[in-house]
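Structure first, commentary second.
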Amino acid sequence: MLMSPSREDHAEPEIPRSGTRKNRDGGVGLVETLSIQIDLPPGGFRLQCGQSLPELTVAYETYGALSPRGDNAVYICHALTGDAHVAGYHDPDAGQSGWWDGLVGPDRAIDTRYYFVICANILGGCQGTTGPSSNNPATGRPYGSAFPRIAVADIVAVQRLLLKQLGIERLAAVIGGSVGGMQVLEWIIDFPEMVDRAICIASGANKSAQGLAFDAVGRSAIRSDPDWQGGDYYGTDRYPHGGLSLARKIGHITYLSQEMMTRRFGRERNETRSDFQVESYLEHQGQKFIQRFDANSYLRITEAMDDFDLVERYGSLEKAFEPVRAKVLVVALSSDWLFPPDRSVQLANALLRCGKRVSYCLLPVRHGHDAFLADTRQLSRAVRAFLPWIRQTAGNGRERPWIAESDRVNQPRRDEYGIVSDMVETGSRVLDLGCGNGKLLSTLTDEKRVSGLGIDIDIDQVIDVLDRGHEVFQGDIDGGLAAIPDGVYDYAVLSQTLQVVRRPRFVLREMLRVARYGIVSFPNFGKWHNRLELALTGRVPGVGAASAGTTEEPDTHLFTVKDFKNLCRQEGIDILDMACIPGGRLGRRLVQAGLCNLGADRILAKIARARGAGRAAGCRRGDQSKAGTR
Ligand code: COA
């Protein structure tokens, strides 16, 4: 029986640790897998299928230290064939580190100087946690075919029991990819009060028909092996290695993208043998796999994964997500065809539709599904950005001075953000379309305590927004805002973006569908400087940050104040307020003289769907006065 960690301030937690005795390559160092017998009621652990397990052993590892307040625990859910060994080394002389060593450790995305990280081998597995190869107390022999069918909910319930026994009541975050992502979803639905943040990577609400098909073929490869013996092969000298190896090869094909396979292997053959490189690669993967995995575990875990279906269980994803309290990040991988990005989008959209705090990003990777294990550079950035900022922990406080610094040195549109802030009511809900790095959202959060969501197409910007602690969706606003129900926002802001979207009318309509008011800013092409340049050189002058016709991403729609007013009139949109922001002394004089279209460098307008006939704009300049449209 293990001791629970003390809850007294500054007391050292007494959770047994996997250890950090030796630090190699800056990681967590030498670690060991621990084992714990879970305390169960007399009836044992009841599974979703109705059967019970009389005993439960869980193999787990931990890294870092639990904070005195117990608020820094991060649970990692491993994928189909993973195990508890996430980071560090078991053997100081072996080169093999844990399966997410690049993400977990000091100064890594899941920074063990601040977080207490836990991962356990899942129920049904074969790396130390109770599974088909474990001893069945009823018979004194391994369960084999008698091991019950398990569900992802059972896997997570066991994780919950483990944490309870370790004295951990809250999770700062729960993170997992693939079937690990399904566990994350189960966590936020089944134990909503326990989870603060959740990251669901390359997963879905259920497996596609194609995914089910690959698993079914893999299972039949195992069951067709004459050495499978109905699942009771333990203790015989015959193991279904051929079938398990074949199942792994089939599965492995789905983990790689077509591009990756082509780049790595092409149609190359091995020099000494006639087989293809891709063939020997899969053979190698199959052979490695049978040395560490059990065929019955493969059957039970793939069945659990295939049975997982939130829509079937709850009627709809929205119903499934009703209890969710965690802030969620859904991550998709661009080249994943096992869980294609649209599966992640479906999750993120459903969470958004039921008003949950959710962010979504699409990582550009070539590797395919396995990118969350093999190509983790962008994933590391997203995870690091999303995790909460722990200020009081067992280690040093984690501060974020660079954010404040960059804000100080780089405030090109502070005046504009200030005007937007003036237009927005305190405590309102704001949607920032084309949110860039999220500075406007930060300004509005700081000054007006808004709750906001940003949308941007660029992954680097999206990660910056996450880093600022805002919710953000990676997406193309030209594609519409279908996931967002009508009227759920007070304001939709389109800051310096109208001129670069392909369908400005459609975007304006969409923003006024989802929000009561729109706030639009754009560079004014009608300013005197542009008119002069065009007249003198005969060339379209640069507008705002982009330069028409000369940059890779030119402004696709050039607006003057008159054009914008005309567009609004045609679309039945009222301009409720307009600020003309002049550039330079002459511009200021022109704006002060009421010649907004001639003097304004940038325009900022508050708009709304017209109730009756279009009203004339009440205009104001950067320094407030009525604007002319000459
Ligand atoms: N012929 C034979 N073997 C080859 C080969 C070839 N043409 N090309 C590469 N290999 C071998 C390498 O020698 C190396 O062997 P080793 O592992 O014994 O050192 C191995 O293949 C490298 O595998 P690779 O897939 O290229 O590594 P990676 O860094 O790209 O990916 C993993 C690492 C861990 C993601 C990957 O190996 C893996 O196991 N994927 C499956 C993970 C999984 O279960 N995903 C399921 C998610 S649900």
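Here, A, B, ... name the chains of the structure tokens in the order displayed, residue numbers run from 1 inside each chain, and ligands are numbered from 1 in the same displayed order.
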Please, which residues in chain A fall within 7 Å of ligand 1 when counting only C-alpha atoms and all ligand atoms, and what is the closest atom pair and distance in Å to one decimal for each, ordered by chain then residue number, as CSV?
residue,atom,partner,partner_atom_place_in_ligand_line,distance
A:Ala79,CA,ligand 1,48 (S),4.9
A:Leu80,CA,ligand 1,48 (S),4.7
A:Thr81,CA,ligand 1,44 (O),4.9
A:Gly82,CA,ligand 1,44 (O),6.4
A:Trp99,CA,ligand 1,34 (C),6.9
A:Ser178,CA,ligand 1,48 (S),5.1
A:Val179,CA,ligand 1,48 (S),6.0
A:His252,CA,ligand 1,41 (C),6.1
A:Tyr255,CA,ligand 1,45 (N),6.2
A:Phe265,CA,ligand 1,7 (N),6.8
A:Gln277,CA,ligand 1,7 (N),4.1
A:Val278,CA,ligand 1,7 (N),5.7
A:Ser280,CA,ligand 1,1 (N),4.2
A:Tyr281,CA,ligand 1,1 (N),3.6
A:Glu283,CA,ligand 1,2 (C),7.0
A:His284,CA,ligand 1,3 (N),5.1
A:Gln285,CA,ligand 1,21 (O),6.5
A:Asp370,CA,ligand 1,35 (C),5.4
A:Leu373,CA,ligand 1,35 (C),4.9
A:Ala374,CA,ligand 1,35 (C),4.7
Quick one: residues within 8 Å of region 259-263 of chain A, only C-alpha atoms counted, chain neighbours fewer than 5 positions away excluded, as a VMD selection string?
chain A and resid 278 366 to 368
Residue set, region 180-235 of chain A restricted to helix (DSSP H, G or I), as a count of residues only
32
Using only C-alpha atoms, which residues sit within 7 Å of Gln496 (chain A) once same-chain residues fewer than 5 positions away are excluded, as a PyMOL selection string?
chain A and resi 521-523
Let's have the selection written as a short mmCIF file (atom, residue, chain, number, x, y, z; two decimals), in the first residue's frame, with C-alpha atoms.
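Output file part.cif is given in full below:
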data_model
loop_
_atom_site.label_atom_id
_atom_site.label_comp_id
_atom_site.auth_asym_id
_atom_site.auth_seq_id
_atom_site.Cartn_x
_atom_site.Cartn_y
_atom_site.Cartn_z
CA SER A 521 -10.60 47.75 -40.03
CA PHE A 522 -8.87 48.04 -43.38
CA PRO A 523 -6.26 50.19 -45.13
#
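Look at Arg357 (chain A): the protein and nucleic acid residues within 8 Å of it, using only C-alpha atoms and passing over chain neighbours fewer than 2 places away, are Ala326, Lys327, Val328, Leu351, Leu352, Gly355, Ser359 and Glu471 of chain A.
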Here is a test: counting only C-alpha atoms, which residue of A:Val345, A:Leu123, A:Val28, A:Ile150 is nearest to Leu103 (chain A)?
A:Val28
Which of region 211-391 of chain A end up as strand (DSSP E) when DSSP is run on this backbone - answer as JSON, numbers by chain?
{"A": [327, 328, 329, 330, 331, 332, 333, 358, 359, 360, 361, 362, 363]}
Would you put the residues from that selection into a file with N, CA and C atoms, as a PDB file, in the first residue's frame?
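Below you can see out.pdb, which holds the result:
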ATOM      1  N   LYS A 327     -10.523  23.015 -20.464  1.00  0.00           N
ATOM      2  CA  LYS A 327     -10.141  23.777 -21.646  1.00  0.00           C
ATOM      3  C   LYS A 327      -9.454  22.769 -22.572  1.00  0.00           C
ATOM      4  N   VAL A 328      -9.917  22.684 -23.813  1.00  0.00           N
ATOM      5  CA  VAL A 328      -9.462  21.580 -24.668  1.00  0.00           C
ATOM      6  C   VAL A 328      -8.684  22.104 -25.880  1.00  0.00           C
ATOM      7  N   LEU A 329      -7.609  21.410 -26.201  1.00  0.00           N
ATOM      8  CA  LEU A 329      -6.903  21.663 -27.471  1.00  0.00           C
ATOM      9  C   LEU A 329      -7.015  20.403 -28.317  1.00  0.00           C
ATOM     10  N   VAL A 330      -7.578  20.554 -29.512  1.00  0.00           N
ATOM     11  CA  VAL A 330      -7.675  19.429 -30.439  1.00  0.00           C
ATOM     12  C   VAL A 330      -6.610  19.634 -31.513  1.00  0.00           C
ATOM     13  N   VAL A 331      -5.763  18.628 -31.675  1.00  0.00           N
ATOM     14  CA  VAL A 331      -4.658  18.753 -32.636  1.00  0.00           C
ATOM     15  C   VAL A 331      -4.842  17.724 -33.752  1.00  0.00           C
ATOM     16  N   ALA A 332      -4.788  18.201 -34.997  1.00  0.00           N
ATOM     17  CA  ALA A 332      -4.863  17.293 -36.142  1.00  0.00           C
ATOM     18  C   ALA A 332      -3.520  17.291 -36.865  1.00  0.00           C
ATOM     19  N   LEU A 333      -3.255  16.207 -37.577  1.00  0.00           N
ATOM     20  CA  LEU A 333      -1.999  16.090 -38.330  1.00  0.00           C
ATOM     21  C   LEU A 333      -2.344  16.059 -39.815  1.00  0.00           C
ATOM     22  N   VAL A 358     -12.472  25.719 -26.367  1.00  0.00           N
ATOM     23  CA  VAL A 358     -11.749  24.767 -27.216  1.00  0.00           C
ATOM     24  C   VAL A 358     -10.899  25.496 -28.245  1.00  0.00           C
ATOM     25  N   SER A 359      -9.728  24.925 -28.505  1.00  0.00           N
ATOM     26  CA  SER A 359      -8.859  25.416 -29.568  1.00  0.00           C
ATOM     27  C   SER A 359      -8.571  24.259 -30.515  1.00  0.00           C
ATOM     28  N   TYR A 360      -8.260  24.623 -31.749  1.00  0.00           N
ATOM     29  CA  TYR A 360      -7.975  23.590 -32.749  1.00  0.00           C
ATOM     30  C   TYR A 360      -6.782  24.014 -33.577  1.00  0.00           C
ATOM     31  N   CYS A 361      -5.846  23.094 -33.775  1.00  0.00           N
ATOM     32  CA  CYS A 361      -4.787  23.410 -34.738  1.00  0.00           C
ATOM     33  C   CYS A 361      -4.438  22.202 -35.596  1.00  0.00           C
ATOM     34  N   LEU A 362      -4.001  22.515 -36.791  1.00  0.00           N
ATOM     35  CA  LEU A 362      -3.654  21.508 -37.793  1.00  0.00           C
ATOM     36  C   LEU A 362      -2.153  21.608 -38.036  1.00  0.00           C
ATOM     37  N   LEU A 363      -1.418  20.581 -37.622  1.00  0.00           N
ATOM     38  CA  LEU A 363       0.034  20.654 -37.761  1.00  0.00           C
ATOM     39  C   LEU A 363       0.462  20.155 -39.138  1.00  0.00           C
TER      40      LEU A 363
END
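Of the listed residues (A:Asp227, A:Glu416, A:Glu533, A:Asp336), A:Asp336 comes nearest to Ile201 (chain A); the distances count only C-alpha atoms.
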Distance criterion (only C-alpha atoms): nearest to Leu162 (chain A) out of A:Thr254, A:Phe191, A:Ser35, A:Asp563
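When distances to Leu162 (chain A) are compared using only C-alpha atoms, the smallest one comes from A:Ser35.
Of the residues under consideration (A:Gly211, A:Gly128, A:Pro340, A:Gly454), A:Gly128 shows the shortest atom-to-atom contact distance to Ile36 (chain A) when counting only C-alpha atoms.
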Straight-line distance linking CA of Asp375 (chain A) with CA of Lys439 (chain A), stated in Å to one decimal:
29.0 Å
Pick out the residues sitting within 12 Å of Asp91 (chain A), and hand them over as a VMD selection string; count only C-alpha atoms, and ignore anything fewer than 2 positions along from it in its own chain.
chain A and resid 21 to 22 24 29 to 33 85 88 to 89 93 to 98
Using only C-alpha atoms, pick whichever of A:Leu387, A:Leu595, A:Ala492, A:Ala535 has the shortest atom-to-atom distance to Ile607 (chain A).
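Counting only C-alpha atoms, the residue closest to Ile607 (chain A) is A:Ala492.
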Excluding Gly452 (chain A) and residues on its chain fewer than 5 positions from it, collect all residues at most 10 Å away from it, counting only C-alpha atoms, and give them as a ChimeraX atom specification.
/A:357,427-432,438,441-442,444-445,470-472,489,491-492
Proximity to Trp528 (chain A) - best of A:Asp601, A:Asp101, A:Asp232, A:Glu193, only C-alpha atoms:
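For Trp528 (chain A), the nearest of the candidates is A:Asp601.
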